[in-house]
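I have placed the structure first, in the form of structure tokens, so that the comments after it can refer back to it.
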Amino acid sequence: MDKLKNQYLDVLPEIQDALDSGKPVVALESTIISHGMPYPRNIETAKEVEAMVRDNGAVPATIAILGGRLKVGLSAEELEYLGRAGLEVTKASRRDIPFIVAREADGATTVAATMIIADMVGIKLFATGGIGGVHRGGEASMDVSADLDELSRTNVSVVCAGIKSILDIGRTLEYLETVGVPVISYQADEVPAFYARSSGYKSDYRIDSAKDAAKALHAKYDLNIHGSILVTNPVPEEYALDPKDIDQTIAEAIKEMDKQGITGKDTTPFLLARIAEQTGGESLDTNIKLVLNNAKLAAEIAVEYSRMNNG
Ligand code: PSU
Ligand code: MN
């Protein structure tokens with residue numbers, strides 16, 4: 001790590017030790033805490049997700065920007081602060097990082113921003129719920145998440161529950177193909193659709209074990225092919241929602257969003273909250289279960305990846 005980056009970074013000692021000794025570490029994002037879930041379940045979930053990473057043999061590294069410092073690993077107080085502040089905290093993607101640092105402000109990091117900071121310290125695996133993508137109507141609005149370009153350039157592999165149908169799943173997958181991001185599915189042939197286990201779209205490759213994913217990741221980085229492998233992990237059957245029902249709810253939420261004139265970075269948080277409200281919290285329960293499921297798989301891949309490094 002060079003000095004220039006180091007001067008902005010605060011890495012918890014446990015995480016730094018793990019990185020120095022080649023132990024598995026899994027990055028976790030903070031927008032999901034501040035903007036993705038309501039208080040206090042956001043904080044309960046963040047803690048459970050960290051515990052899940054630990055239980056599966058890796059060290060969790062929740063990432064955020066606090067007082068202009070790039071934080072790799074958060075204290076219980078810092079987590080509590082972010083969770084309580086919620087939408088008051090700036091949702092920080094790639095473009096926002098320099099300003100939040102310069103102003104010594106706080107930022108909850110999206111998938112893109114979390115990847116950037118994870119990469120600075122050499123973390124290779126990252127678990128979340130959902131990534132940003134091409135929004136419905138994106139061919140006209142050009143609302144395409146910065147997450148997608150980040151996936152093409154930054155060497156951090158992301159485990160998610162697929163592409164949410166608040167997005168245009170087909171166009172999101174086309175975009176990822178264009179920028180060279182492999183979309184693989186775990187023990188499935190289709191890309192899952194977040195709340196639902198299937199989207200109707202086939203993934204590029206199916207993997208059946210964490211080791212398979214770690215091997216592909218090694219090959220990618222040994223060959224100096226930059227960017228992420230997007231690992232999509234279907235929500236466990238017992239927590240999946242009926243695709244027809246949830247699509248109906250999503251369609252209504254999008255109508256309401258258009259009526260209220262909500263655009264840009266506010267769309268995903270609005271839709272997630274609205275869908276949770278309309279499903280009586282059922283979608284939130286599913287969201288939490290799928291994040292936990294992804295944390296487990298990311299930890300397993302991180303363990304295999306570091307085993308290959310050290311072997
Ligand atoms: N999808 C979710 N929950 C989330 C997000 C997406 O189910 O919290 C967040 C992630 O942080 C993701 C971001 O990186 O939204 C994408 O926002 P945008 O489309 O504005 O780039
Ligand atoms: Mn956007």
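Identifiers for the structure tokens are assigned positionally: chains receive A, B, ... in sequence, residues are indexed from 1 per chain, and ligands are indexed from 1 in the order shown.
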So which residues touch Val183 in chain A within 8 Å, counting only C-alpha atoms, skipping near sequence neighbours fewer than 2 positions away, as a list of chain:residue names? A:Leu173, A:Leu176, A:Val181, A:Ser185, A:Val191, A:Ser203, A:Asp204, A:Tyr205, A:Ile229, A:Leu230, A:Val231, A:Thr232
All residues within 6 Å of ligand 1 are required, counting only C-alpha atoms and all ligand atoms; please report them as a list in words. Thr31, Ile32, His35, Gly36, Thr110, Val111, Ala112, Gly129, Gly130, Ile131, Gly132, Ser145, Ala146, Asp147, Lys265 and Thr268 of chain A
How would you write, as a short mmCIF file (atom, residue, chain, number, x, y, z; two decimals) with N, CA, C and O atoms, in the first residue's frame, the set of residues in range 17-243 of chain A that DSSP gives as strand (DSSP E)?
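The resulting file, selection.cif, is shown below:
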```cif
data_model
loop_
_atom_site.label_atom_id
_atom_site.label_comp_id
_atom_site.auth_asym_id
_atom_site.auth_seq_id
_atom_site.Cartn_x
_atom_site.Cartn_y
_atom_site.Cartn_z
N VAL A 25 -10.51 -12.10 4.29
CA VAL A 25 -11.26 -10.93 4.76
C VAL A 25 -12.41 -10.70 3.77
O VAL A 25 -12.24 -10.87 2.57
N VAL A 26 -13.58 -10.33 4.29
CA VAL A 26 -14.73 -10.02 3.43
C VAL A 26 -15.18 -8.58 3.70
O VAL A 26 -15.48 -8.22 4.84
N ALA A 27 -15.24 -7.77 2.65
CA ALA A 27 -15.73 -6.39 2.76
C ALA A 27 -17.26 -6.37 2.77
O ALA A 27 -17.91 -7.22 2.17
N LEU A 28 -17.80 -5.39 3.50
CA LEU A 28 -19.26 -5.19 3.57
C LEU A 28 -19.53 -3.70 3.35
O LEU A 28 -18.75 -2.86 3.80
N VAL A 59 -12.60 -12.65 8.26
CA VAL A 59 -12.72 -11.44 9.08
C VAL A 59 -13.60 -10.43 8.32
O VAL A 59 -13.32 -10.15 7.16
N PRO A 60 -14.66 -9.91 8.97
CA PRO A 60 -15.51 -8.93 8.28
C PRO A 60 -14.89 -7.53 8.31
O PRO A 60 -14.26 -7.16 9.31
N ALA A 61 -15.09 -6.78 7.23
CA ALA A 61 -14.59 -5.40 7.16
C ALA A 61 -15.71 -4.52 6.60
O ALA A 61 -15.88 -4.41 5.39
N THR A 62 -16.50 -3.94 7.51
CA THR A 62 -17.55 -3.03 7.07
C THR A 62 -16.90 -1.68 6.74
O THR A 62 -16.09 -1.17 7.53
N ILE A 63 -17.23 -1.15 5.58
CA ILE A 63 -16.53 0.04 5.05
C ILE A 63 -17.46 1.24 4.98
O ILE A 63 -18.64 1.12 4.62
N ALA A 64 -16.95 2.42 5.38
CA ALA A 64 -17.70 3.68 5.32
C ALA A 64 -16.70 4.82 5.34
O ALA A 64 -15.49 4.59 5.52
N ILE A 65 -17.18 6.05 5.17
CA ILE A 65 -16.32 7.23 5.33
C ILE A 65 -16.87 8.02 6.51
O ILE A 65 -18.06 8.37 6.53
N LEU A 66 -16.04 8.27 7.49
CA LEU A 66 -16.49 9.01 8.68
C LEU A 66 -15.51 10.13 8.98
O LEU A 66 -14.30 9.89 9.09
N ARG A 69 -12.46 10.24 6.90
CA ARG A 69 -11.52 9.10 6.95
C ARG A 69 -12.14 7.89 6.26
O ARG A 69 -13.33 7.59 6.49
N LEU A 70 -11.36 7.20 5.46
CA LEU A 70 -11.83 5.97 4.84
C LEU A 70 -11.69 4.86 5.88
O LEU A 70 -10.58 4.50 6.26
N LYS A 71 -12.82 4.38 6.35
CA LYS A 71 -12.82 3.41 7.46
C LYS A 71 -12.96 1.98 6.92
O LYS A 71 -13.94 1.66 6.24
N VAL A 72 -12.00 1.15 7.24
CA VAL A 72 -12.09 -0.27 6.92
C VAL A 72 -12.27 -0.99 8.25
O VAL A 72 -11.32 -1.18 8.99
N THR A 90 -24.70 11.06 3.56
CA THR A 90 -24.58 11.08 2.09
C THR A 90 -24.35 9.68 1.57
O THR A 90 -23.48 8.95 2.07
N LYS A 91 -25.12 9.30 0.57
CA LYS A 91 -24.89 8.05 -0.13
C LYS A 91 -23.71 8.29 -1.07
O LYS A 91 -23.79 9.12 -1.97
N ALA A 92 -22.61 7.61 -0.80
CA ALA A 92 -21.36 7.93 -1.49
C ALA A 92 -20.98 6.88 -2.50
O ALA A 92 -20.74 5.72 -2.16
N GLY A 107 -19.86 9.52 4.79
CA GLY A 107 -20.47 8.94 3.61
C GLY A 107 -20.72 7.47 3.81
O GLY A 107 -19.87 6.74 4.34
N ALA A 108 -21.92 7.04 3.42
CA ALA A 108 -22.23 5.61 3.41
C ALA A 108 -21.85 5.11 2.03
O ALA A 108 -22.33 5.64 1.02
N THR A 109 -20.98 4.12 1.97
CA THR A 109 -20.43 3.72 0.68
C THR A 109 -21.31 2.70 -0.05
O THR A 109 -21.76 1.71 0.52
N LEU A 125 -12.79 -10.08 -1.64
CA LEU A 125 -14.19 -10.53 -1.64
C LEU A 125 -15.08 -9.53 -0.91
O LEU A 125 -14.64 -8.93 0.08
N PHE A 126 -16.29 -9.40 -1.38
CA PHE A 126 -17.22 -8.40 -0.87
C PHE A 126 -18.63 -9.00 -0.94
O PHE A 126 -19.02 -9.52 -1.97
N ALA A 127 -19.35 -8.94 0.16
CA ALA A 127 -20.72 -9.47 0.17
C ALA A 127 -21.71 -8.34 0.34
O ALA A 127 -21.51 -7.43 1.15
N SER A 157 -14.21 -9.09 -5.98
CA SER A 157 -15.33 -9.90 -6.44
C SER A 157 -16.53 -9.70 -5.52
O SER A 157 -16.39 -9.66 -4.30
N VAL A 158 -17.70 -9.55 -6.11
CA VAL A 158 -18.89 -9.21 -5.34
C VAL A 158 -19.89 -10.37 -5.35
O VAL A 158 -20.21 -10.90 -6.41
N VAL A 159 -20.35 -10.73 -4.15
CA VAL A 159 -21.40 -11.75 -4.04
C VAL A 159 -22.71 -11.03 -3.75
O VAL A 159 -22.82 -10.29 -2.77
N CYS A 160 -23.71 -11.21 -4.61
CA CYS A 160 -25.02 -10.56 -4.44
C CYS A 160 -26.11 -11.57 -4.72
O CYS A 160 -25.84 -12.71 -5.10
N VAL A 183 -20.83 -12.90 -15.09
CA VAL A 183 -21.92 -13.05 -14.11
C VAL A 183 -22.12 -14.55 -13.91
O VAL A 183 -22.55 -15.25 -14.82
N ILE A 184 -21.74 -15.03 -12.74
CA ILE A 184 -21.84 -16.46 -12.49
C ILE A 184 -22.90 -16.72 -11.42
O ILE A 184 -23.20 -15.85 -10.61
N SER A 185 -23.49 -17.90 -11.46
CA SER A 185 -24.51 -18.20 -10.45
C SER A 185 -24.08 -19.41 -9.64
O SER A 185 -23.45 -20.33 -10.16
N TYR A 186 -24.42 -19.36 -8.39
CA TYR A 186 -24.00 -20.41 -7.45
C TYR A 186 -25.08 -21.48 -7.36
O TYR A 186 -26.22 -21.19 -6.97
N TYR A 205 -21.80 -18.44 -16.34
CA TYR A 205 -21.23 -19.70 -15.86
C TYR A 205 -21.92 -20.09 -14.57
O TYR A 205 -22.30 -19.22 -13.79
N ARG A 206 -22.05 -21.38 -14.38
CA ARG A 206 -22.58 -21.90 -13.12
C ARG A 206 -21.38 -22.41 -12.31
O ARG A 206 -20.47 -23.03 -12.86
N ILE A 207 -21.37 -22.15 -11.01
CA ILE A 207 -20.36 -22.75 -10.16
C ILE A 207 -21.08 -23.54 -9.08
O ILE A 207 -22.18 -23.16 -8.66
N LEU A 230 -18.89 -11.26 -10.82
CA LEU A 230 -20.12 -11.05 -10.07
C LEU A 230 -20.73 -12.41 -9.76
O LEU A 230 -21.18 -13.12 -10.67
N VAL A 231 -20.70 -12.76 -8.49
CA VAL A 231 -21.24 -14.05 -8.06
C VAL A 231 -22.68 -13.83 -7.62
O VAL A 231 -22.94 -13.07 -6.68
N THR A 232 -23.62 -14.47 -8.30
CA THR A 232 -25.02 -14.31 -7.90
C THR A 232 -25.47 -15.57 -7.18
O THR A 232 -25.24 -16.68 -7.63
#
```
Which residue gives the smallest distance to Phe194 in chain A among A:Asn233, A:Asn310, A:Ser209, A:Ser228, with only C-alpha atoms counted?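 Closest candidate: A:Asn233.
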Residues within 9 Å of Ala214 in chain A, please, as a compact mmCIF listing (two decimals) with all heavy atoms, in the first residue's frame. Count only C-alpha atoms; anything in the same chain fewer than 4 positions from it doesn't count.
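Output file around.txt follows:
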```txt
# COMPACT_ATOMS: atom_id res chain seq x y z
N SER A 209 -19.27 -24.84 -6.26
CA SER A 209 -18.57 -24.78 -4.97
C SER A 209 -17.83 -23.45 -4.86
O SER A 209 -17.51 -22.81 -5.87
CB SER A 209 -17.57 -25.93 -4.86
OG SER A 209 -16.51 -25.71 -5.76
N ALA A 210 -17.53 -23.10 -3.60
CA ALA A 210 -16.76 -21.87 -3.35
C ALA A 210 -15.38 -22.00 -4.00
O ALA A 210 -14.82 -21.01 -4.49
CB ALA A 210 -16.63 -21.65 -1.84
N HIS A 218 -8.65 -16.54 -9.11
CA HIS A 218 -7.19 -16.61 -9.21
C HIS A 218 -6.74 -16.50 -10.65
O HIS A 218 -5.81 -15.76 -10.98
CB HIS A 218 -6.67 -17.93 -8.62
CG HIS A 218 -6.19 -17.77 -7.23
ND1 HIS A 218 -4.99 -17.16 -6.93
CD2 HIS A 218 -6.75 -18.10 -6.05
CE1 HIS A 218 -4.84 -17.14 -5.61
NE2 HIS A 218 -5.90 -17.69 -5.06
N ALA A 219 -7.41 -17.23 -11.53
CA ALA A 219 -7.03 -17.21 -12.95
C ALA A 219 -7.16 -15.79 -13.50
O ALA A 219 -6.27 -15.28 -14.18
CB ALA A 219 -7.92 -18.17 -13.74
N ILE A 301 -15.71 -18.37 -0.12
CA ILE A 301 -14.83 -18.11 -1.29
C ILE A 301 -13.52 -17.47 -0.82
O ILE A 301 -12.44 -17.84 -1.28
CB ILE A 301 -15.54 -17.23 -2.34
CG1 ILE A 301 -16.80 -17.92 -2.89
CG2 ILE A 301 -14.58 -16.90 -3.50
CD1 ILE A 301 -17.68 -17.05 -3.79
N ALA A 302 -13.63 -16.54 0.12
CA ALA A 302 -12.42 -15.87 0.64
C ALA A 302 -11.47 -16.89 1.28
O ALA A 302 -10.25 -16.81 1.11
CB ALA A 302 -12.80 -14.78 1.63
N VAL A 303 -12.04 -17.85 2.01
CA VAL A 303 -11.22 -18.89 2.65
C VAL A 303 -10.50 -19.71 1.57
O VAL A 303 -9.29 -19.94 1.66
CB VAL A 303 -12.11 -19.81 3.54
CG1 VAL A 303 -11.37 -21.08 3.94
CG2 VAL A 303 -12.57 -19.04 4.77
N GLU A 304 -11.22 -20.12 0.55
CA GLU A 304 -10.61 -20.91 -0.53
C GLU A 304 -9.56 -20.09 -1.27
O GLU A 304 -8.50 -20.59 -1.63
CB GLU A 304 -11.67 -21.39 -1.53
CG GLU A 304 -12.64 -22.43 -0.96
CD GLU A 304 -11.95 -23.74 -0.58
OE1 GLU A 304 -10.84 -24.03 -1.09
OE2 GLU A 304 -12.52 -24.49 0.24
N TYR A 305 -9.88 -18.84 -1.50
CA TYR A 305 -8.96 -17.96 -2.23
C TYR A 305 -7.64 -17.80 -1.48
O TYR A 305 -6.56 -17.91 -2.06
CB TYR A 305 -9.61 -16.59 -2.46
CG TYR A 305 -8.81 -15.68 -3.36
CD1 TYR A 305 -8.97 -15.73 -4.75
CD2 TYR A 305 -7.87 -14.80 -2.83
CE1 TYR A 305 -8.23 -14.91 -5.59
CE2 TYR A 305 -7.12 -13.98 -3.66
CZ TYR A 305 -7.30 -14.04 -5.03
OH TYR A 305 -6.56 -13.23 -5.85
N SER A 306 -7.73 -17.57 -0.18
CA SER A 306 -6.48 -17.36 0.56
C SER A 306 -5.73 -18.67 0.75
O SER A 306 -4.50 -18.68 0.79
CB SER A 306 -6.74 -16.66 1.89
OG SER A 306 -7.37 -17.52 2.78
N MET A 308 -5.44 -20.92 -1.53
CA MET A 308 -4.69 -21.08 -2.78
C MET A 308 -3.48 -20.15 -2.82
O MET A 308 -2.44 -20.49 -3.33
CB MET A 308 -5.58 -20.78 -3.98
CG MET A 308 -6.62 -21.84 -4.20
SD MET A 308 -7.75 -21.33 -5.51
CE MET A 308 -9.11 -22.42 -5.15
```
Pick from A:Glu282, A:Asp143, A:Glu174, A:Asp168 nearest to ligand 2, counting only C-alpha atoms and all ligand atoms: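 Smallest separation from ligand 2 among the options: A:Asp143.
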From a DSSP calculation on the backbone, collect every residue of range 22-251 of chain A in helix (DSSP H, G or I) and output the set as a VMD selection string. chain A and resid 31 to 34 41 to 55 76 to 88 94 to 102 111 to 121 138 to 141 146 to 153 169 to 178 210 to 222 237 to 239 243 to 251
Check the smallest atom-to-atom distance from each of A:Ser141, A:Ser152, A:Thr172, A:Ser30 to Asp106 in chain A using only C-alpha atoms, then report the winner. A:Ser30
Identify which of the residues A:Leu19, A:Leu82, A:Leu223, A:Ala251 lies closest to Asp119 in chain A, counting only C-alpha atoms when measuring atom-to-atom distances.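 Closest to Asp119 in chain A, using only C-alpha atoms: A:Leu19.
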Of the candidates A:Lys23, A:Lys244, A:Arg41, A:Lys211, which shows the shortest atom-to-atom distance to Glu300 in chain A, using only C-alpha atoms? A:Lys211
Counting only C-alpha atoms, which residue out of A:Val134, A:Val11, A:Leu151, A:Ala188 sits closest to Ile163 in chain A?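 Ranked by minimum distance to Ile163 in chain A, first place goes to A:Val134.
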Record the distance separating CA of Thr263 in chain A and CA of Ile97 in chain A, expressed in Å with one decimal.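 If I compute the distance from CA of Thr263 in chain A to CA of Ile97 in chain A, I get 21.0 Å.
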List as a list of chain:residue names the protein and nucleic acid residues near range 284-297 of chain A, meaning an atom at most 6 Å away when only C-alpha atoms are counted, but skip any in the same chain fewer than 5 places from it.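 What passes the distance filter is A:Val49, A:Met52, A:Val53, A:Ala127, A:Thr128, A:Gly129, A:Val159, A:Val235, A:Tyr239, A:Ala276.
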